[in-house]
Structure formats: C-alpha cells, structure tokens
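J.: You'll find model.txt just under this line, and it carries compact mmCIF, C-alpha atoms.
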```
# COMPACT_ATOMS: atom_id res chain seq x y z
CA MET G 3 93.05 126.55 117.92
CA PRO G 4 90.07 125.49 115.78
CA SER G 5 87.09 123.96 117.56
CA ASP G 6 86.44 120.22 117.69
CA LYS G 7 83.54 120.90 115.34
CA SER G 8 85.92 122.10 112.64
CA LEU G 9 87.81 118.78 112.84
CA LYS G 10 84.77 116.63 112.11
CA ILE G 11 85.23 117.16 108.37
CA PHE G 12 88.44 115.13 108.63
CA THR G 13 86.85 111.97 110.05
CA ASP G 14 87.93 110.05 106.93
CA PRO G 15 91.51 111.26 106.32
CA LEU G 16 92.01 108.85 103.41
CA GLY G 17 88.98 110.05 101.48
CA ALA G 18 89.59 112.25 98.44
CA ALA G 19 87.52 115.11 99.87
CA ALA G 20 89.41 115.05 103.18
CA VAL G 21 92.77 114.97 101.41
CA SER G 22 91.72 117.99 99.36
CA ARG G 23 90.65 119.87 102.49
CA LEU G 24 93.95 119.05 104.22
CA MET G 25 95.77 120.57 101.27
CA GLU G 26 93.57 123.62 100.81
CA SER G 27 92.16 124.56 104.24
CA PRO G 28 93.72 127.36 106.33
CA ILE G 29 97.05 126.27 107.75
CA THR G 30 95.78 126.40 111.34
CA ASP G 31 92.94 123.98 110.59
CA ALA G 32 95.21 121.72 108.55
CA ASP G 33 97.80 121.70 111.36
CA ALA G 34 95.21 120.70 113.96
CA ALA G 35 93.66 118.05 111.71
CA ILE G 36 97.00 116.49 110.79
CA SER G 37 98.01 116.40 114.46
CA ALA G 38 94.72 114.71 115.37
CA ILE G 39 95.13 112.11 112.62
CA LEU G 40 98.71 111.33 113.63
CA GLN G 41 97.78 111.07 117.30
CA ALA G 42 95.02 108.63 116.39
CA CYS G 43 97.52 106.56 114.38
CA GLU G 44 99.95 106.64 117.32
CA VAL G 45 97.28 105.31 119.70
CA SER G 46 96.25 102.69 117.15
CA GLN G 47 99.82 101.42 116.84
CA ARG G 48 100.13 101.13 120.63
CA ASN G 49 96.82 99.30 120.90
CA ILE G 50 97.16 96.86 118.03
CA PHE G 51 99.92 94.82 119.71
CA ALA G 52 97.92 94.49 122.93
CA THR G 53 94.74 93.62 121.06
CA LEU G 54 96.42 90.94 118.98
CA ALA G 55 98.34 89.49 121.94
CA VAL G 56 95.22 89.08 124.07
CA THR G 57 92.94 87.89 121.27
CA LEU G 58 95.35 85.37 119.82
CA ARG G 59 96.36 83.90 123.18
CA ILE G 60 92.72 83.32 124.04
CA ALA G 61 92.11 81.92 120.55
CA ASN G 62 95.10 79.62 120.99
CA ASP G 63 94.09 78.52 124.50
CA ARG G 64 90.57 77.73 123.32
CA GLU G 65 91.83 76.10 120.10
CA ILE G 66 89.59 78.18 117.88
CA PHE G 67 91.57 77.01 114.86
CA LYS G 68 89.92 73.58 115.14
CA ARG G 69 86.60 75.14 114.19
CA HIS G 70 87.92 76.23 110.77
CA VAL G 71 89.10 74.43 107.65
CA ASP G 72 91.72 75.28 105.07
CA ALA G 73 91.33 75.61 101.30
CA TYR G 74 91.29 71.80 101.02
CA GLY G 75 88.58 71.34 103.61
CA GLU G 76 91.01 70.08 106.24
CA PRO G 77 90.91 71.41 109.83
CA PHE G 78 93.75 73.75 110.69
CA ARG G 79 96.51 72.20 112.80
CA ASP G 80 97.33 75.22 114.93
CA THR G 81 96.58 78.90 115.53
CA GLU G 82 99.58 80.17 113.55
CA THR G 83 98.61 78.27 110.38
CA TRP G 84 94.99 79.41 110.73
CA ILE G 85 95.87 83.09 111.09
CA LYS G 86 98.40 82.99 108.25
CA ALA G 87 95.85 81.46 105.90
CA MET G 88 92.71 83.32 106.91
CA TYR G 89 94.12 86.71 107.92
CA PRO G 90 97.43 87.14 106.05
CA GLU G 91 97.59 90.93 106.47
CA THR G 92 96.85 90.61 110.18
CA TRP G 93 99.61 88.03 110.53
CA ARG G 94 102.21 90.59 109.44
CA TYR G 95 101.46 92.51 112.63
CA ALA G 96 100.46 89.52 114.76
CA LYS G 97 103.71 87.52 114.70
CA ASP G 98 105.42 89.28 117.59
CA ALA G 99 102.21 89.64 119.59
CA PHE G 100 101.26 85.98 119.22
CA SER G 101 104.78 84.71 119.93
CA ALA G 102 105.08 86.85 123.06
CA ALA G 103 101.64 85.94 124.36
CA VAL G 104 102.07 82.17 124.06
CA ALA G 105 105.68 82.25 125.28
CA MET G 106 104.63 83.76 128.62
CA PRO G 107 101.77 81.61 130.00
CA GLU G 108 102.81 82.62 133.51
CA VAL G 109 102.06 86.29 132.80
CA PRO G 110 98.37 87.34 132.94
CA ILE G 111 97.16 88.51 129.54
CA GLU G 112 95.89 91.78 130.98
CA ASP G 113 99.47 92.57 132.01
CA ILE G 114 100.81 91.68 128.56
CA ALA G 115 98.16 93.97 127.07
CA ALA G 116 99.52 96.87 129.15
CA MET G 117 103.15 96.31 128.15
CA LYS G 118 105.02 98.15 125.45
CA ARG G 119 105.49 95.97 122.38
CA CYS G 120 109.30 96.06 122.54
CA ASN G 121 109.32 95.07 126.21
CA ALA G 122 106.79 92.28 125.81
CA VAL G 123 108.94 90.79 123.05
CA LEU G 124 112.02 91.14 125.24
CA LEU G 125 110.34 89.54 128.26
CA ALA G 126 109.22 86.63 126.09
CA SER G 127 112.82 85.83 125.14
CA PRO G 128 113.86 82.24 125.89
CA GLU G 129 116.76 83.65 127.92
CA VAL G 130 114.35 85.09 130.52
CA SER G 131 113.29 82.68 133.25
CA SER G 132 109.70 82.04 134.29
CA ALA G 133 110.49 83.23 137.80
CA VAL G 134 111.65 86.59 136.47
CA ARG G 135 108.52 86.92 134.34
CA ARG G 136 106.34 86.39 137.40
CA ASP G 137 108.04 89.17 139.35
CA PRO G 138 105.54 92.04 139.81
CA ALA G 139 108.36 94.59 139.60
CA VAL G 140 109.47 93.17 136.25
CA ILE G 141 105.93 93.26 134.89
CA GLU G 142 105.55 96.85 136.00
CA ALA G 143 108.88 97.81 134.43
CA ALA G 144 107.76 96.22 131.16
CA LYS G 145 104.77 98.56 131.15
CA THR G 146 106.58 101.79 131.90
CA SER G 147 110.27 101.57 130.90
CA THR G 148 111.94 102.19 127.58
CA GLU G 149 113.39 99.13 125.86
CA LYS G 150 116.93 100.14 126.88
CA GLU G 151 115.89 100.69 130.51
CA PHE G 152 114.00 97.41 130.63
CA ARG G 153 116.91 95.40 129.22
CA GLU G 154 119.25 96.97 131.80
CA HIS G 155 116.70 96.22 134.53
CA LEU G 156 116.60 92.53 133.58
CA ASN G 157 120.36 92.25 133.25
CA SER G 158 121.44 94.18 136.34
CA LYS G 159 118.69 93.30 138.82
CA HIS G 160 117.80 89.79 137.70
CA ASN G 161 121.09 88.49 136.32
CA GLN G 162 119.73 87.92 132.83
CA HIS G 163 122.01 88.09 129.81
CA LEU G 164 120.09 89.93 127.12
CA GLU G 165 122.11 91.56 124.37
CA ARG G 166 120.80 94.54 122.49
CA PRO G 167 119.95 93.92 118.82
CA TRP G 168 122.53 94.87 116.23
CA THR G 169 121.75 95.29 112.54
CA LEU G 170 124.05 94.02 109.79
CA ARG G 171 123.28 95.76 106.50
CA ILE G 172 124.39 94.18 103.23
CA THR G 173 123.79 95.77 99.85
CA GLY G 174 124.88 94.29 96.55
CA PRO G 175 123.75 93.38 93.04
CA GLU G 176 120.49 91.43 92.83
CA SER G 177 122.16 88.33 91.39
CA GLY G 178 124.70 88.20 94.20
CA ILE G 179 122.11 88.72 96.94
CA LYS G 180 119.91 85.98 95.45
CA LYS G 181 122.90 83.63 95.39
CA ILE G 182 123.56 84.35 99.07
CA GLU G 183 119.90 83.86 99.99
CA SER G 184 119.77 80.56 98.09
CA ALA G 185 122.83 79.29 99.96
CA LEU G 186 121.35 80.35 103.31
CA ASP G 187 118.10 78.56 102.42
CA GLU G 188 120.09 75.37 101.84
CA ILE G 189 121.88 75.83 105.16
CA GLY G 190 118.51 76.31 106.85
CA GLU G 191 117.17 73.07 105.39
CA THR G 192 120.32 71.17 106.33
CA TRP G 193 120.50 72.42 109.92
CA ASN G 194 116.79 73.06 110.46
CA LEU G 195 117.19 76.81 110.89
CA THR G 196 114.38 79.08 109.73
CA ASP G 197 115.76 82.55 110.49
CA ARG G 198 118.41 84.34 108.45
CA PHE G 199 120.53 85.30 111.46
CA GLY G 200 120.65 81.70 112.68
CA GLN G 201 121.60 80.47 109.21
CA LEU G 202 124.35 83.05 108.82
CA GLU G 203 125.68 82.49 112.35
CA ALA G 204 125.77 78.72 111.74
CA LEU G 205 127.70 79.27 108.51
CA VAL G 206 130.27 81.46 110.28
CA GLU G 207 130.65 78.95 113.13
CA ASP G 208 131.07 76.06 110.70
CA TRP G 209 133.72 78.04 108.80
CA ARG G 210 135.60 78.74 112.03
CA GLN G 211 135.46 75.15 113.22
CA GLY G 212 136.89 74.08 109.89
CA GLY G 213 140.11 75.89 110.80
CA HIS G 214 139.76 78.64 108.22
CA SER G 215 140.20 81.44 110.73
CA GLU G 216 143.54 80.00 111.91
CA ALA G 217 144.71 79.44 108.33
CA ALA G 218 144.05 83.05 107.46
CA GLN G 219 146.31 84.31 110.27
```
Starting from the file, lay out its structure as structure tokens.
T.:
Amino acid sequence: MPSDKSLKIFTDPLGAAAVSRLMESPITDADAAISAILQACEVSQRNIFATLAVTLRIANDREIFKRHVDAYGEPFRDTETWIKAMYPETWRYAKDAFSAAVAMPEVPIEDIAAMKRCNAVLLASPEVSSAVRRDPAVIEAAKTSTEKEFREHLNSKHNQHLERPWTLRITGPESGIKKIESALDEIGETWNLTDRFGQLEALVEDWRQGGHSEAAQ
C-alpha cells in the first residue's frame, strides 16, 4: 500500500491536476486514492443528515428565520421558507432531516444525530406514537439496525403498522405524462394534497367510490 504521504496529492479530487494524476498514476496509488475519496464521500453522506437535522431543529426552536428577510424585505414566516429561499441547494438534502427533527420533539437531538437517515425518517412517521419514540430501546435500534430490521422491530415489538415503501414506475410519452401531472395538480388543489402519491391514491379511491370498479366486473 502507498504511504499516507503519497495520498496528499489527491486532497482536491475535483481539481484538474488531481483528476489527471488519478488517470495516469500507478494503479496501486490510484486504487488507494480512489478508495480514500469514496470513503470520505461515504462519511460525508452519513454526517450530512445528522448535521442538518441538529442545526435546523435548533434554528427552528430559536426562530432564526425571524432575523432574516426575503427578496421583498419581509421577514420570513418559518424555517422551511427561509431555508428554501436562502439555501436552495441545501434544502434538497435538508427536507428529510428537517421534517424528522421537528416531528420528534420528544427525542433528544443528539440521539437523532446518531441515527441512520432511513431510520430517523421512519421513526418520525405520524404512525409512530410519542411513547414509542421515547423508548430507549427504540432509539438504540434506530442507531444500529438496518431499515428493514428497524421497521420489523417497530411492528413486532411495539405494535406499529408501518408498511415498507413500494415504487410505482410509469414511463410514457412526454405529452401524456404532462397531461397526467396536470390532472394530478388539479386534484391536489381541489383536495389540498401536495404529494403525488396522495393525489393518485385519492383519484383511485374516488373512482372506486363512484362504482366504477363494480361496473367493470
């Protein structure tokens, strides 16, 4: 293995010089450097959720948003609006962290920071009771279990009813997809539903209640 000293030339893996060295250096050095870069990215991805969850919950609790104004000079109304406007790229990664952090006021933020992202999001589900969230064993499981193990733990040991996510994939011509999206937007406005799954589920339920499923039989 190359020494740590030989890896220092790769401290900026996105720089043109570093990219060239990754491509042209001996394979052993390139292998070690690429592994180091990927490990650093892996750690960064684990840490970013915890960092955002802790920071944004504190910012929300202390109402930091009130200290800032929008493009029209008006004070922001809430933390979510402030982050979306001032840090739009951060918000892409912050949504789950912020939602989980504020949905679990009974869980200490240092515990949320130590949880896996998938488990923190699962524990923050409206279906999970506050009493379950306070359970030290549940908090510990959220830190150490896989998502599948943690869901089974909540369902079997705490009588929760958490379904695993299921993805519906739809591919079609652009015009047809846009027509579907436009209709779902209208449904969302009519029934005050902001997420696509909720809009689609409401459409299906409305269709069934209209007797269409019986008529088709």
J.: G:Thr92, G:Asn161, G:Ser37, G:Ser132: which is nearest G:Val109, counting all atoms listed in the file?
T.: G:Ser132
J.: Pick out the residues sitting within 10 Å of G:Leu58, and hand them over as an mmCIF file with C-alpha atoms, keeping the file's coordinate frame; count all atoms listed in the file, and ignore anything fewer than 6 positions along from it in its own chain.
T.:
```cif
data_model
loop_
_atom_site.group_PDB
_atom_site.id
_atom_site.type_symbol
_atom_site.label_atom_id
_atom_site.label_comp_id
_atom_site.auth_asym_id
_atom_site.auth_seq_id
_atom_site.Cartn_x
_atom_site.Cartn_y
_atom_site.Cartn_z
ATOM 1 C CA ALA G 52 97.920 94.490 122.930
ATOM 2 C CA ARG G 64 90.570 77.730 123.320
ATOM 3 C CA GLU G 65 91.830 76.100 120.100
ATOM 4 C CA ILE G 66 89.590 78.180 117.880
ATOM 5 C CA THR G 81 96.580 78.900 115.530
ATOM 6 C CA GLU G 82 99.580 80.170 113.550
ATOM 7 C CA ILE G 85 95.870 83.090 111.090
ATOM 8 C CA ALA G 96 100.460 89.520 114.760
ATOM 9 C CA ALA G 99 102.210 89.640 119.590
ATOM 10 C CA PHE G 100 101.260 85.980 119.220
ATOM 11 C CA SER G 101 104.780 84.710 119.930
ATOM 12 C CA ALA G 103 101.640 85.940 124.360
ATOM 13 C CA VAL G 104 102.070 82.170 124.060
#
```
J.: Leaving out stretch 134-138 of chain G and any residue of its chain fewer than 6 positions from it, which residues lie within 8 Å of it when counting all atoms listed in the file, given as a list in words?
T.: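 The filter keeps Met106, Glu108, Val109, Leu125 and His160 of chain G.
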J.: Can you list, as a ChimeraX atom specification, every protein, DNA or RNA residue that comes within 9 Å of G:Tyr95 when you count all atoms listed in the file, leaving out same-chain residues fewer than 4 positions away?
T.: /G:50-51,54,91,99
